[in-house]
Amino acid sequence: MWNTAQRLHAALAGQVLTRSDFRVPRYATVNLTGQAVTEAVARGKHLLIRTDRTLTVHTHLKMDGYWRIQPSGRSSLGRSHQVRLVLGNTRWLAAGYLLGITEVLPTAREDQVVGHLGPDLLGPDWDPAAAVARLARTPDRPIGEALLDQRNLAGLGTVYLAETLFLRGVAPSRPVGSVDDLETLVDLAHRLLDANKTRLGHVTTGDTSPGRENWVYGRAGRPCRRCATPINRGEAGPAGQERLRFWCPNCQR
Ligand SMILES: [Zn+2]
């Protein structure tokens, strides 16, 4: 999302919207043409596009969403039945496909949609101590679940969760309260995300060759790169929101 926000910002910020097309029933009559986009920012996995008339377009990709940006001169958007939102100016057209959330609200009320989020791992105000304080409120919760809870810290998904816990030697099932040095752990997550934010993939081993990018993520049943023990895969988390986990049962305790 950080990357997408950068691309949207480059295409839309400072320009007056000449096209505004909300294809979700609740906002179908909203028209932002004539308003200038002031910025596009990511907050965790949420995207906020702000205009000079103090409105914010709030979107979230959820499972299948994505954005496509193309020169405005091109005739067709492609897969138009999947389009939920189109914003464009004289130079660029940005289309959001299969967005899980598409809504418009006053910028002053953004807190209603992102105020619950913990410190943003890629935000300008990243604060590891604040993230640790939030994690510490639930000492009995499994660390693999607490780190994905965006109220504790915003921006971590299953890939970086798996890789961060492997690199710290911590099993995902371990209670938060028993993990030493949470600050080092969240700081490592921050550094992994930061190192990858401008590229499409996610490299945590330092090796960009195909199949060598990650330590444990996506490697179920294959030998651990450190100890050759087969990597475990499982699902865990609150009922209905189970998320994938990968870990080495030998390296991570
Ligand atoms: Zn191992």
# chains A, B, ... in the order shown; residues from 1 in each chain; ligands from 1

call {"tool": "residues_near_ligand", "arguments": {"ligand": "ligand 1", "cutoff": "12 Å", "atoms": "only C-alpha atoms and all ligand atoms", "output": "JSON, numbers by chain"}}
result
{"A": [165, 166, 167, 168, 169, 170, 171, 215, 216, 219, 221, 222, 223, 224, 225, 226, 227, 228, 229, 230, 231, 232, 246, 247, 248, 249, 250, 251, 252, 253]}

call {"tool": "residues_around", "arguments": {"residues": "stretch 86-94 of chain A", "least_positions_apart": "5", "cutoff": "6 Å", "atoms": "only C-alpha atoms", "output": "list in words"}}
result
Ala11, Leu17, Thr18, Arg19, Ser20, Asp21, Arg68, Ile69, Gln70, Pro71 and Ser72 of chain A

call {"tool": "write_last_selection", "arguments": {"atoms": "C-alpha atoms", "output": "CSV table (one decimal), in the first residue's frame"}}
result
chain,number,residue,atom,x,y,z
A,11,ALA,CA,-0.2,10.8,-10.6
A,17,LEU,CA,-9.7,16.0,-11.0
A,18,THR,CA,-11.4,16.0,-14.4
A,19,ARG,CA,-12.9,12.6,-13.8
A,20,SER,CA,-14.6,11.1,-10.8
A,21,ASP,CA,-16.6,8.0,-11.0
A,68,ARG,CA,-4.1,0.6,-12.0
A,69,ILE,CA,-2.8,3.9,-13.3
A,70,GLN,CA,-2.6,4.7,-17.0
A,71,PRO,CA,-2.3,7.8,-19.2
A,72,SER,CA,-5.7,9.4,-19.4

call {"tool": "select_by_dssp", "arguments": {"residues": "stretch 43-238 of chain A", "states": "strand (DSSP E)", "output": "VMD selection string"}}
result
chain A and resid 43 46 to 51 55 to 60 66 to 71 83 to 88 92 to 97 101 to 106 232 to 236

call {"tool": "residues_around", "arguments": {"residues": "A:His190", "least_positions_apart": "3", "cutoff": "8 Å", "atoms": "only C-alpha atoms", "output": "short mmCIF file (atom, residue, chain, number, x, y, z; two decimals) with N, CA and C atoms, in the first residue's frame"}}
result
data_model
loop_
_atom_site.label_atom_id
_atom_site.label_comp_id
_atom_site.auth_asym_id
_atom_site.auth_seq_id
_atom_site.Cartn_x
_atom_site.Cartn_y
_atom_site.Cartn_z
N LEU A 121 4.05 1.10 10.54
CA LEU A 121 5.43 0.65 10.32
C LEU A 121 6.15 1.46 9.25
N LEU A 122 5.41 2.00 8.29
CA LEU A 122 6.04 2.81 7.24
C LEU A 122 5.61 4.27 7.31
N VAL A 186 9.83 -5.56 16.79
CA VAL A 186 9.03 -4.67 15.93
C VAL A 186 9.93 -3.77 15.08
N ASP A 187 11.11 -3.47 15.61
CA ASP A 187 12.03 -2.67 14.82
C ASP A 187 12.55 -3.46 13.62
N LEU A 193 10.23 -4.18 6.18
CA LEU A 193 9.26 -3.49 5.32
C LEU A 193 9.91 -2.31 4.60
N ASP A 194 10.68 -1.55 5.35
CA ASP A 194 11.30 -0.36 4.78
C ASP A 194 12.25 -0.72 3.64
#

call {"tool": "residues_around", "arguments": {"residues": "A:Phe22", "least_positions_apart": "3", "cutoff": "7 Å", "atoms": "only C-alpha atoms", "output": "PyMOL selection string"}}
result
chain A and resi 27-28+30+84-86

call {"tool": "closest_residue", "arguments": {"among": "A:Gly118, A:Gly14, A:Gly78, A:Gly96", "to": "A:His58", "atoms": "only C-alpha atoms"}}
result
A:Gly96

call {"tool": "residues_around", "arguments": {"residues": "A:Leu161", "least_positions_apart": "4", "cutoff": "8 Å", "atoms": "only C-alpha atoms", "output": "list of chain:residue names"}}
result
A:Gly144, A:Leu147, A:Leu148, A:Leu156, A:Gly157, A:Leu165, A:Ala189

call {"tool": "write_last_selection", "arguments": {"atoms": "N, CA, C and O atoms", "output": "tab-separated table (two decimals), in the first residue's frame"}}
result
chain	number	residue	atom	x	y	z
A	144	GLY	N	2.09	-14.30	17.21
A	144	GLY	CA	1.76	-14.33	15.78
A	144	GLY	C	0.41	-13.72	15.48
A	144	GLY	O	0.15	-13.28	14.36
A	147	LEU	N	0.75	-9.52	16.49
A	147	LEU	CA	1.49	-8.69	15.53
A	147	LEU	C	0.67	-8.39	14.28
A	147	LEU	O	0.94	-7.43	13.57
A	148	LEU	N	-0.34	-9.23	13.98
A	148	LEU	CA	-1.18	-8.98	12.81
A	148	LEU	C	-2.35	-8.06	13.14
A	148	LEU	O	-3.04	-7.58	12.26
A	156	LEU	N	1.65	-4.85	9.14
A	156	LEU	CA	2.25	-6.18	9.05
A	156	LEU	C	1.24	-7.19	8.50
A	156	LEU	O	0.11	-7.25	8.94
A	157	GLY	N	1.68	-7.97	7.51
A	157	GLY	CA	0.88	-9.05	6.96
A	157	GLY	C	1.58	-10.38	7.19
A	157	GLY	O	2.60	-10.46	7.89
A	165	LEU	N	9.46	-13.27	12.71
A	165	LEU	CA	9.51	-14.22	13.82
A	165	LEU	C	10.63	-15.24	13.61
A	165	LEU	O	11.30	-15.64	14.56
A	189	ALA	N	10.79	-5.79	12.07
A	189	ALA	CA	9.67	-5.78	11.11
A	189	ALA	C	9.68	-4.47	10.32
A	189	ALA	O	9.51	-4.46	9.10

call {"tool": "residues_around", "arguments": {"residues": "A:Ala108", "least_positions_apart": "4", "cutoff": "10 Å", "atoms": "only C-alpha atoms", "output": "ChimeraX atom specification"}}
result
/A:54-56,112

call {"tool": "residues_around", "arguments": {"residues": "A:Ala13", "least_positions_apart": "6", "cutoff": "9 Å", "atoms": "only C-alpha atoms", "output": "number ranges by chain"}}
result
A: 36-40, 49-51

call {"tool": "write_last_selection", "arguments": {"atoms": "C-alpha atoms", "output": "PDB file, in the first residue's frame"}}
result
ATOM      1  CA  ALA A  36      -7.556  19.204  -6.550  1.00  0.00           C
ATOM      2  CA  VAL A  37      -5.955  16.184  -4.921  1.00  0.00           C
ATOM      3  CA  THR A  38      -3.567  17.357  -2.225  1.00  0.00           C
ATOM      4  CA  GLU A  39      -2.055  14.003  -1.333  1.00  0.00           C
ATOM      5  CA  ALA A  40      -2.390  10.242  -1.309  1.00  0.00           C
ATOM      6  CA  ILE A  49      -6.695  10.380  -1.035  1.00  0.00           C
ATOM      7  CA  ARG A  50      -7.279  13.943   0.181  1.00  0.00           C
ATOM      8  CA  THR A  51      -8.659  16.892  -1.764  1.00  0.00           C
TER       9      THR A  51
END

call {"tool": "select_by_dssp", "arguments": {"residues": "stretch 35-225 of chain A", "states": "alpha helix (DSSP H)", "output": "NGL selection string"}}
result
:A and (111-114 or 128-135 or 143-146 or 158-168 or 182-196)

call {"tool": "closest_residue", "arguments": {"among": "A:Ala130, A:Leu98, A:Val114, A:Val104", "to": "A:Asn31", "atoms": "only C-alpha atoms"}}
result
A:Val104

call {"tool": "closest_residue", "arguments": {"among": "A:Ser178, A:Gly44, A:Arg74, A:Ala239", "to": "A:Asn152", "atoms": "only C-alpha atoms"}}
result
A:Gly44

call {"tool": "closest_residue", "arguments": {"among": "A:Gly34, A:Thr164, A:Val16, A:Pro172", "to": "A:Thr205", "atoms": "only C-alpha atoms"}}
result
A:Thr164

call {"tool": "closest_residue", "arguments": {"among": "A:Arg141, A:His81, A:Arg151, A:His46", "to": "A:Met1", "atoms": "only C-alpha atoms"}}
result
A:His46

call {"tool": "closest_residue", "arguments": {"among": "A:Ala236, A:Leu105, A:Leu99, A:Leu153", "to": "A:Arg23", "atoms": "only C-alpha atoms"}}
result
A:Leu99

call {"tool": "atom_distance", "arguments": {"atom1": "atom CA of A:Gln82", "atom2": "atom CA of A:Tyr66"}}
result
10.0 Å
